[in-house]
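Notes follow once the structure below has been shown.
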Amino acid sequence: EWRAQAGAPEMEELVVLANGPANSKEATEDPDRYAKAKALVTSLNNGSLYWHGFTKEGKPILWIRCGRKPWYPNVEAEVNALILIADAGIKCMPEGVTDFVVLSDSNSPPPPVPSFMINVLKALVKGYPDRLNVLLSAPVGSIIQFVMNLLLPLMPGRLADKFLLKDLEQSTPILKEWLMHGEDDIPTFFGGKSNHDELYPDEYYSKNQGEGCLKFDYFGMIERLKTSAKEWEEAQKK
């Protein structure tokens, strides 16, 4: 019910709308909807949130790049982007898998915006109460500690237990154990070899995907996730 009220079912249609020309019939006939679509893809374009790969247990991995988050976020658009991305990943889960893992690169986060943090938490609790398996955040700086101190008292106990805050050295063996291809899947921003920036570059290096303002490779992300899901399923048969 909450997801329907938040407009979850139409989020992907908004991405398609914003990826098309600004003078299209759909854009000109409903300028408010087009403005919402543009705000949504603007939040996607910074590449701060994307699915990439699976754990050894077949759980899709949602990566957060805190350093790419805006200093002054459009709270509604950022929450819409989270809903869109979360739903896309859930649809790509292998059969029998019901939850996902979040890995957060918490290096150089922007100053915390409490209204944004609280709205994101609300989206997680109301929209996806049993979908989050675990969230690992590394490294732990003063901003992340501030955010957690703000959010932990607001969380249901079962959600609070799912947050792991580690430094980079502590996170390496955990990632090696969790990620489908072990050490080979550890990204460069966690001291590994896998270069996520080739697929999800900083917005400055991104090119427009279509005739509109979408730069983030949203549809490519989904295709890659589906391919990884098949790879995981095939590996289970061996």
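Just remember, in the structure tokens the first chain shown is A, the second B, etc., residues are 1-based per chain, and ligands are 1-based in the order shown.
Residues in contact with Leu121 of chain A at up to 8 Å, not including ones fewer than 4 positions away on its chain and judged by only C-alpha atoms, are Met117, Val125, Leu151 and Met155 of chain A.
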Expected file contents, prior selection, N, CA, C and O atoms, as a compact mmCIF listing (two decimals), in the first residue's frame:
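again.txt, written as the output of this step:
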# COMPACT_ATOMS: atom_id res chain seq x y z
N MET A 117 17.65 11.67 5.33
CA MET A 117 17.95 10.40 6.01
C MET A 117 16.67 9.75 6.55
O MET A 117 16.47 8.54 6.42
N VAL A 125 11.67 1.02 5.77
CA VAL A 125 10.84 0.36 6.78
C VAL A 125 9.45 0.05 6.24
O VAL A 125 8.91 -1.03 6.44
N LEU A 151 19.63 7.83 13.25
CA LEU A 151 18.65 6.88 12.72
C LEU A 151 18.35 5.69 13.63
O LEU A 151 17.22 5.21 13.67
N MET A 155 14.72 3.27 14.32
CA MET A 155 14.56 2.00 13.59
C MET A 155 13.89 0.93 14.44
O MET A 155 14.14 0.84 15.64
Next on the checklist: When DSSP is applied to the backbone of this structure, which of segment 119-210 of chain A are assigned alpha helix (DSSP H)? Write them out as number ranges by chain.
Outcome noted: A: 119-127, 142-151, 157-160, 168-178
Could you give me, as JSON lines, every segment 124-175 of chain A residue with an atom at most 12 Å from segment 6-27 of chain A, plus its closest atom pair and distance in Å to one decimal, counting only C-alpha atoms, rows ordered by chain then number?
{"residue": "A:Lys126", "atom": "CA", "partner": "A:Ala6", "partner_atom": "CA", "distance": 10.5}
{"residue": "A:Gly127", "atom": "CA", "partner": "A:Ala6", "partner_atom": "CA", "distance": 9.1}
{"residue": "A:Tyr128", "atom": "CA", "partner": "A:Ala8", "partner_atom": "CA", "distance": 11.9}
Could you list, as an mmCIF file with C-alpha atoms, in the first residue's frame, every residue within 8 Å of Ser106 of chain A, counting only C-alpha atoms and ignoring same-chain residues fewer than 3 positions away?
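Below you can see out-v4.cif, which holds the result:
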data_model
loop_
_atom_site.group_PDB
_atom_site.id
_atom_site.type_symbol
_atom_site.label_atom_id
_atom_site.label_comp_id
_atom_site.auth_asym_id
_atom_site.auth_seq_id
_atom_site.Cartn_x
_atom_site.Cartn_y
_atom_site.Cartn_z
ATOM 1 C CA ILE A 64 25.868 3.089 -2.437
ATOM 2 C CA ARG A 65 28.604 5.587 -3.328
ATOM 3 C CA CYS A 66 28.148 8.208 -0.615
ATOM 4 C CA GLY A 67 30.753 10.581 -2.044
ATOM 5 C CA PRO A 109 29.872 11.571 2.310
ATOM 6 C CA SER A 137 29.205 0.490 5.507
ATOM 7 C CA ALA A 138 32.934 1.267 5.303
ATOM 8 C CA PRO A 139 34.924 3.232 6.291
ATOM 9 C CA VAL A 140 33.279 4.729 9.372
ATOM 10 C CA GLY A 141 33.860 8.473 9.706
ATOM 11 C CA ILE A 144 28.391 8.188 9.209
#
Checklist entry - Of the residues A:Glu211, A:Asp202, A:Asp105, A:Asp185, which is the one nearest to Leu168 of chain A, using only C-alpha atoms? => result A:Asp105
Counting only C-alpha atoms, which residues in segment 158-238 of chain A sit no more than 10 Å from segment 50-57 of chain A? For each one, give the nearest pair of atoms and the distance in Å, sorted by chain then residue number, as a tab-separated table.
residue	atom	partner	partner_atom	distance
A:Leu175	CA	A:Thr55	CA	9.0
A:Lys176	CA	A:Thr55	CA	9.8
A:Glu177	CA	A:Lys56	CA	8.1
A:Trp178	CA	A:Thr55	CA	5.3
A:Leu179	CA	A:Thr55	CA	4.4
A:Met180	CA	A:Lys56	CA	4.3
A:His181	CA	A:Lys56	CA	7.7
A:Gly182	CA	A:Lys56	CA	8.3
A:Asp185	CA	A:Gly53	CA	8.2
A:His196	CA	A:His52	CA	8.4
A:Leu199	CA	A:His52	CA	9.5
A:Tyr200	CA	A:Tyr50	CA	8.0
A:Phe216	CA	A:Tyr50	CA	9.4
A:Asp217	CA	A:Tyr50	CA	9.5
A:Tyr218	CA	A:Tyr50	CA	8.4
A:Met221	CA	A:Trp51	CA	6.8
A:Ile222	CA	A:Trp51	CA	7.9
A:Arg224	CA	A:His52	CA	7.6
A:Leu225	CA	A:His52	CA	6.4
A:Lys226	CA	A:Gly53	CA	9.5
A:Thr227	CA	A:Gly53	CA	9.3
A:Ser228	CA	A:Gly53	CA	6.1
A:Ala229	CA	A:Phe54	CA	7.4
A:Glu231	CA	A:Phe54	CA	9.7
A:Trp232	CA	A:Phe54	CA	7.7
A:Ala235	CA	A:Lys56	CA	9.9
A:Gln236	CA	A:Glu57	CA	9.7
Next on the checklist: Which residue is closest to Asn208 of chain A? Choose from A:Val41, A:Asn195, A:Ala160, A:Arg33 and count only C-alpha atoms.
Outcome noted: A:Val41
Checklist entry - How would you write, as a list in words, the set of residues in segment 1-97 of chain A that DSSP gives as strand (DSSP E)? => result Leu49, Tyr50, Trp51, His52, Gly53, Phe54, Pro60, Ile61, Leu62, Trp63, Ile64 and Arg65 of chain A
Checklist entry - Neighbours of Pro73 of chain A within 12 Å (only C-alpha atoms; same-chain residues fewer than 5 positions away dropped), as a list of chain:residue names? => result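 Skipping anything fewer than 5 positions along the chain leaves A:Ala39, A:Leu40, A:Thr42, A:Ser43, A:Leu44, A:Asn46, A:Arg68, A:Glu78, A:Val79, A:Ala81, A:Pro110, A:Pro111, A:Pro112, A:Val113, A:Pro114, A:Ser115, A:Phe116, A:Met117, A:Asn119, A:Val120.
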Item to check | Computed interatomic separation between atom CA of Tyr72 of chain A and atom CA of Asp32 of chain A (Å) | outcome: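 Distance reported for this atom pair: 21.5 Å.
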